[in-house]
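Trainee: Pasting a structure here, questions to come.
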Amino acid sequence: MSKIQWYPGHMTKARRNMQEDVKLVDIIFELRDARIPRSTENPDIGKITKGKKRLILLNKSDIADPTVTDMWIKKLTGDNVEVIALDSRQANSLNQIRNRVEVLAREKRERDRAKGITGDRPIKALVCGIPNVGKSTLINSLQGKASAKTGNKPGVTKGNQWINVGRGLMLLDTPGILWPRFENEAVGYSLASTGAINDNILNTEEVAVRLARILLDSYANALFERYSFDEDVLRSTSEEIDNEIPGVDYEALSVLNLIAVNRKCLKRGAEPDIEKASAIFIDDFRSGRLGRISLEKP
């Protein structure tokens, strides 16, 4: 399998801008994908924002395994770091953020008054994270209208912009940034599975095989229910495939064969179209149609 790397040129500029902008804000809103909190932690963000209060927002928690998400909240909470699991489109999630900002606002105003600064200056927060993790959706939900561009592919936000979302909160929307090299190849495949990397550079079948292996190990019933097969059918399909190539996960590949049959993705001669089946499978995972699944545990 090939190793996934993606670091377009604009991310270098975005990183430099963040280093300057962090001086202007009171708090960091760092969004991660609740399904892959480890892989969506950009190590550069932690370095750039060191010393600032940080609110880690585990977005898309509505399609992540809630038990695993609770484990991540306990793992990530620490000094100057609080963690909230959220669906950035839901009011209760937004209220949690607003409530935390209210506490921070009181602390900030007390410090300002101690310095002789009068008036209620707004809390300024920098919204950051990797591509396609939901930063712009969160901002639009907090404001109640579409001020930040959104999309279901990475790289929609190209530049920084200040947005007043009311109730004493100003947000600085920033482009999603990755880091130059993924030392662990599993990180690249996790990011690819959730849509954080440009699909045009990916081998869809390889990503799907990796994803199928994780689900077979931890969420096999989700596969059986969605695509109407069971362990016996999977076993017999695996035995039918010519499995002489070293390093190939033939059981996971069999999952894609069965998805192709279930979704009638067939070539001439009724041969399963693995490429089409892979795209369907990945889309089902990304959209939550396979259920609440987390790919990483603490």
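Labels for the structure tokens follow display order: chains A, B, ..., residues from 1 in each chain, ligands from 1.
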List as CSV every residue of stretch 22-116 of chain A that is in contact with stretch 123-132 of chain A, defined as an atom at most 9 Å from one of its atoms (using only C-alpha atoms), together with the nearest atom pair and the distance in Å rounded to one decimal, sorted by chain and then rising number.
Mentor:
residue,atom,partner,partner_atom,distance
A:Val22,CA,A:Leu126,CA,7.0
A:Leu24,CA,A:Lys124,CA,7.5
A:Val25,CA,A:Lys124,CA,4.8
A:Asp26,CA,A:Lys124,CA,5.4
A:Ile27,CA,A:Ala125,CA,4.8
A:Ile28,CA,A:Leu126,CA,5.0
A:Phe29,CA,A:Val127,CA,4.7
A:Glu30,CA,A:Cys128,CA,5.0
A:Leu31,CA,A:Gly129,CA,5.1
A:Arg32,CA,A:Gly129,CA,6.4
A:Thr40,CA,A:Ile130,CA,6.3
A:Glu41,CA,A:Gly129,CA,7.6
A:Asn42,CA,A:Ile130,CA,6.8
A:Ile45,CA,A:Gly129,CA,7.7
A:Val101,CA,A:Ile123,CA,7.5
A:Glu102,CA,A:Ile123,CA,8.9
A:Leu104,CA,A:Ile123,CA,7.8
A:Ala105,CA,A:Ile123,CA,6.2
A:Lys108,CA,A:Ile123,CA,8.0
Trainee: Excluding A:Ser190 and any residue of its chain fewer than 4 positions from it, enumerate the residues within 12 Å of it, using only C-alpha atoms, and give them as a ChimeraX atom specification.
Mentor: /A:3-5,33-41,182,184-186,194-197,206-212,214,282,285-286,294-296
Trainee: Interatomic distance between atom CA of A:Asn95 and atom CA of A:Leu138?
Mentor: 11.9 Å
Trainee: Out of A:Leu258, A:Ala279, A:Leu172, A:Ile117, which residue has the shortest atom-to-atom distance to A:Leu202 when counting only C-alpha atoms?
Mentor: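 Using only C-alpha atoms, A:Leu202 sits closest to A:Ala279.
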Trainee: I'd like a table as a Markdown table: residues in stretch 118-237 of chain A with an atom no more than 12 Å from stretch 67-88 of chain A, each row giving the shortest atom pair and its distance in Å to one decimal, only C-alpha atoms counted, sorted by chain and rising residue number.
Mentor:
| residue | atom | partner | partner_atom | distance |
| --- | --- | --- | --- | --- |
| A:Val133 | CA | A:Ser88 | CA | 10.2 |
| A:Gly134 | CA | A:Ser88 | CA | 7.3 |
| A:Lys135 | CA | A:Ser88 | CA | 8.6 |
| A:Ser136 | CA | A:Ser88 | CA | 9.5 |
| A:Thr137 | CA | A:Ser88 | CA | 6.6 |
| A:Leu138 | CA | A:Ser88 | CA | 4.9 |
| A:Ile139 | CA | A:Ser88 | CA | 8.6 |
| A:Asn140 | CA | A:Ser88 | CA | 9.2 |
| A:Ser141 | CA | A:Ser88 | CA | 6.8 |
| A:Leu142 | CA | A:Ser88 | CA | 8.6 |
| A:Gln143 | CA | A:Ser88 | CA | 11.7 |
| A:Gly144 | CA | A:Ser88 | CA | 11.7 |
| A:Ser218 | CA | A:Val68 | CA | 11.7 |
Trainee: If you run DSSP on the backbone, which residues of stretch 57-255 of chain A are strand (DSSP E or B), as a PyMOL selection string?
Mentor: chain A and resi 57-59+78+81-85+123-129+161-164+169-173
Trainee: Please provide the set of residues having any atom within 10 Å of A:Arg121, restricted to only C-alpha atoms, with same-chain residues fewer than 6 positions apart removed, written as a PyMOL selection string.
Mentor: chain A and resi 105+108-109+112+168-170
Trainee: Find, counting only C-alpha atoms, the residue in A:Glu205, A:Glu251, A:Asp217, A:Glu20 that gets nearest to A:Tyr189.
Mentor: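 Among the listed residues, the smallest separation from A:Tyr189 belongs to A:Glu205.
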Trainee: Select from stretch 117-217 of chain A everything DSSP, run on the backbone, classes as alpha helix (DSSP H), then give the selection as a short mmCIF file (atom, residue, chain, number, x, y, z; two decimals) with C-alpha atoms, in the first residue's frame.
Mentor:
data_model
loop_
_atom_site.label_atom_id
_atom_site.label_comp_id
_atom_site.auth_asym_id
_atom_site.auth_seq_id
_atom_site.Cartn_x
_atom_site.Cartn_y
_atom_site.Cartn_z
CA LYS A 135 -14.83 24.92 11.49
CA SER A 136 -16.94 27.00 9.12
CA THR A 137 -20.11 25.04 9.96
CA LEU A 138 -19.53 25.80 13.65
CA ILE A 139 -19.06 29.51 12.98
CA ASN A 140 -22.20 29.71 10.84
CA SER A 141 -24.21 27.88 13.51
CA LEU A 142 -23.00 30.22 16.25
CA GLN A 143 -23.89 33.25 14.17
CA GLU A 185 0.97 5.92 7.79
CA ALA A 186 -2.19 4.98 9.75
CA VAL A 187 -2.78 8.71 10.32
CA GLY A 188 -2.92 9.33 6.59
CA TYR A 189 -5.45 6.56 6.06
CA SER A 190 -7.61 7.76 8.97
CA LEU A 191 -7.65 11.29 7.54
CA ALA A 192 -8.45 9.91 4.08
CA SER A 193 -11.35 7.86 5.46
CA THR A 194 -13.03 10.91 6.98
CA THR A 204 -9.84 4.70 -3.02
CA GLU A 205 -9.56 0.92 -2.87
CA GLU A 206 -6.59 1.04 -0.47
CA VAL A 207 -8.42 3.46 1.82
CA ALA A 208 -11.53 1.27 1.74
CA VAL A 209 -9.58 -1.91 2.56
CA ARG A 210 -7.99 -0.19 5.59
CA LEU A 211 -11.38 1.07 6.73
CA ALA A 212 -12.98 -2.35 6.25
CA ARG A 213 -10.31 -3.95 8.43
CA ILE A 214 -11.03 -1.58 11.32
CA LEU A 215 -14.76 -2.22 11.07
CA LEU A 216 -14.27 -5.98 10.87
CA ASP A 217 -12.24 -5.84 14.08
#
Trainee: Rounded to one decimal place, report the atom CA of A:Asp199-atom CA of A:Ser238 distance in Å.
Mentor: 27.8 Å
Trainee: Just how far from atom CA of A:Gln96 is atom CA of A:Asp62, in Å to one decimal?
Mentor: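 We find that atom CA of A:Asp62 and atom CA of A:Gln96 lie 15.1 Å from each other.
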